[in-house]
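Undergrad: Mind looking over this structure? Questions follow.
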Amino acid sequence: MTEKMLEITNLKTYFHGDDGVVKAVDGVTITVNKGETVGVVGESGCGKSVTSLSVMRLLHDTPGEIVDGSITFEGKSLLDLSEKEMRMIRGNEIAMIFQEPMTSLNPVYKIGKQLEEVIKLHLHYDKKEARNHAVNMLKLVGLPRAEDVVNEYPHQLSGGMRQRVMIAMAMACNPKLLIADEPTTALDVTIQAQILDLMRKLRDESERSIMLITHDLGVVAEMCDRVVVMYAGEVVEEADVLSIFENPKHPYTKGLLGSVPKLGQDLEKLDSIPGNVPTPANMPKGCKFAPRCEFAMDVCWKKDPSLLATNGNHTCRCWLYQDQEKILEV
């Protein structure tokens, strides 16, 4: 029987501002099983990062608020924990690689101090053990002269080096669940391959789980067991990675895959999805993808479709499959 590590159910995270309520995440349901890598893909602005920040409960200094839904980790409701209890989970049982390393690292503390703080808190190492562990983690993520880097400040490192520091910090305590938000964006392909191998090793050796947020469909194909496609704050398609690549259902998923250049193709211009993701403050009525969809019907402009089961565990939020299977209430 599959053991569930993380369950996000009907999550709704809204931001309250002067112009009204922005529904950044609107009814998202995602499950990550033990030892599994789940990819979350979609364009910028679709709610991927807000979903991950909601799981980590890192919205308290923002106008964001979780207004509905549940987040369960190993049977524990994360939304019911105190801030003190949540701090003991962050970085230890659940760790996150943030998208912007320069804003995530404290500019006034040296790299070593920031790494050692996490290690001493959760692993209870003394100062010398923590320093040795920090240096070893920096070496694991491919940083040269790791012994010198621990004595440097974030502004002295390149963007790629800072990204590797963030990855080392997230993996330092061997978390049960790793949430990686665009973990390899600033890295060259050689280091990217090294980091992905390290993440895969972490998962395979100790049945850890990974929630991988990325734009890179090549990384998804290489790393993920299942894929969740998000658009405008909703899950629009979910299936195992092979089904997503071989038989995508939702027009948005087809557009994402169609925009990826393929080896051997002689094209003057790459395919693209017309238009842009709607702003959360100005969502269209009905299906949120309808203004960009070549298959849009009258019903698409009137009512947002529910998540449909189209084939086994393959689900899709699209009116094209309305009559094929019963609607899943999620």
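Labeling convention for the structure tokens: chains A, B, ... as they appear, residues from 1 per chain, ligands from 1 in order of appearance.
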Can you list, as a list in words, every protein, DNA or RNA residue that comes within 6 Å of Val25 (chain A) when you count only C-alpha atoms, leaving out same-chain residues fewer than 3 positions away?

TA: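 Using only C-alpha atoms, the neighbours found are Lys12, Thr13, Gly47 and Gly233 of chain A.
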
Undergrad: Could those residues be written to a file, using N, CA and C atoms, as a compact mmCIF listing (two decimals), in the first residue's frame?

TA:
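Below you can see part-v9.txt, which holds the result:
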# COMPACT_ATOMS: atom_id res chain seq x y z
N LYS A 12 -6.84 26.81 -0.57
CA LYS A 12 -7.18 28.13 -1.10
C LYS A 12 -6.37 29.17 -0.34
N THR A 13 -5.45 29.81 -1.05
CA THR A 13 -4.62 30.86 -0.46
C THR A 13 -4.90 32.16 -1.18
N GLY A 47 0.60 29.90 -9.49
CA GLY A 47 0.34 29.52 -8.10
C GLY A 47 1.26 28.45 -7.55
N GLY A 233 -3.89 29.22 -10.71
CA GLY A 233 -4.27 28.86 -9.36
C GLY A 233 -4.99 27.55 -9.20

Undergrad: Which residues of region 67-109 of chain A sit at most 12 Å from region 198-218 of chain A, using only C-alpha atoms? Give each one's shortest atom pair and distance in Å (one decimal place), in chain and ascending residue order, as JSON lines.

TA:
{"residue": "A:Phe73", "atom": "CA", "partner": "A:Ser209", "partner_atom": "CA", "distance": 11.4}
{"residue": "A:Glu74", "atom": "CA", "partner": "A:Ser209", "partner_atom": "CA", "distance": 11.6}
{"residue": "A:Glu93", "atom": "CA", "partner": "A:Arg208", "partner_atom": "CA", "distance": 9.9}
{"residue": "A:Ile94", "atom": "CA", "partner": "A:Ser209", "partner_atom": "CA", "distance": 9.6}
{"residue": "A:Ala95", "atom": "CA", "partner": "A:Ile210", "partner_atom": "CA", "distance": 9.7}
{"residue": "A:Met96", "atom": "CA", "partner": "A:Met211", "partner_atom": "CA", "distance": 9.3}
{"residue": "A:Ile97", "atom": "CA", "partner": "A:Leu212", "partner_atom": "CA", "distance": 9.6}
{"residue": "A:Phe98", "atom": "CA", "partner": "A:Ile213", "partner_atom": "CA", "distance": 10.1}
{"residue": "A:Gln99", "atom": "CA", "partner": "A:Ile213", "partner_atom": "CA", "distance": 9.4}

Undergrad: Can I get the selection written as a short mmCIF file (atom, residue, chain, number, x, y, z; two decimals), in the first residue's frame, with C-alpha atoms?

TA:
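Contents of result-v3.cif, as written:
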data_model
loop_
_atom_site.label_atom_id
_atom_site.label_comp_id
_atom_site.auth_asym_id
_atom_site.auth_seq_id
_atom_site.Cartn_x
_atom_site.Cartn_y
_atom_site.Cartn_z
CA PHE A 73 2.30 15.79 6.60
CA GLU A 74 2.70 12.19 7.81
CA GLU A 93 11.53 17.12 8.29
CA ILE A 94 10.46 19.43 5.44
CA ALA A 95 13.09 21.56 3.70
CA MET A 96 12.70 24.01 0.86
CA ILE A 97 15.06 25.24 -1.84
CA PHE A 98 13.89 28.78 -2.57
CA GLN A 99 13.76 30.31 -6.03
#

Undergrad: Nearest residue to Val150 (chain A) out of A:Gln114, A:Asn313, A:Ser272, A:Thr72, using only C-alpha atoms?

TA: A:Gln114

Undergrad: Report as a ChimeraX atom specification all protein, DNA and RNA residues lying within 6 Å of region 157-173 of chain A, evaluated on only C-alpha atoms, omitting residues in the same chain fewer than 4 positions from it.

TA: /A:92,95-97,101,115,137-138,141,186-187

Undergrad: Kindly save the residues from that selection, with C-alpha atoms included, as a compact mmCIF listing (two decimals), in the first residue's frame.

TA:
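Everything below was put into result_23.txt:
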# COMPACT_ATOMS: atom_id res chain seq x y z
CA ASN A 92 14.45 19.27 9.44
CA ALA A 95 13.09 21.56 3.70
CA MET A 96 12.70 24.01 0.86
CA ILE A 97 15.06 25.24 -1.84
CA PRO A 101 18.86 32.74 -3.24
CA LEU A 115 24.47 26.80 7.36
CA MET A 137 27.53 19.75 2.17
CA LEU A 138 29.03 22.57 0.10
CA VAL A 141 26.70 20.40 -4.27
CA ALA A 186 20.83 29.58 -12.20
CA LEU A 187 23.13 26.61 -12.79

Undergrad: So which residues of region 59-243 of chain A fall under strand (DSSP E or B) by DSSP, listed as a count of residues only?

TA: 41

Undergrad: Go through A:Leu196, A:Leu121, A:Val235, A:Ile89 and flag the residue nearest Leu11 (chain A), using only C-alpha atoms for the distances.

TA: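 Distance minimum relative to Leu11 (chain A) lands on A:Val235.
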
Undergrad: Excluding same-chain residues fewer than 5 positions from region 221-226 of chain A, what lies within 6 Å of it counting only C-alpha atoms, as a list in words?

TA: Thr37, Val38, Gly39, Ala239, Asp240 and Val241 of chain A

Undergrad: Excluding region 281-294 of chain A and any residue of its chain fewer than 2 positions from it, enumerate the residues within 8 Å of it, using only C-alpha atoms, and give them as a PyMOL selection string.

TA: chain A and resi 20-23+231-232+251-252+273-276+278-279+296+299-305+318

Undergrad: Nearest residue to Glu65 (chain A) out of A:His133, A:Lys262, A:His16, A:Arg90, using only C-alpha atoms?

TA: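 With only C-alpha atoms as the atom set, the closest residue is A:His16.
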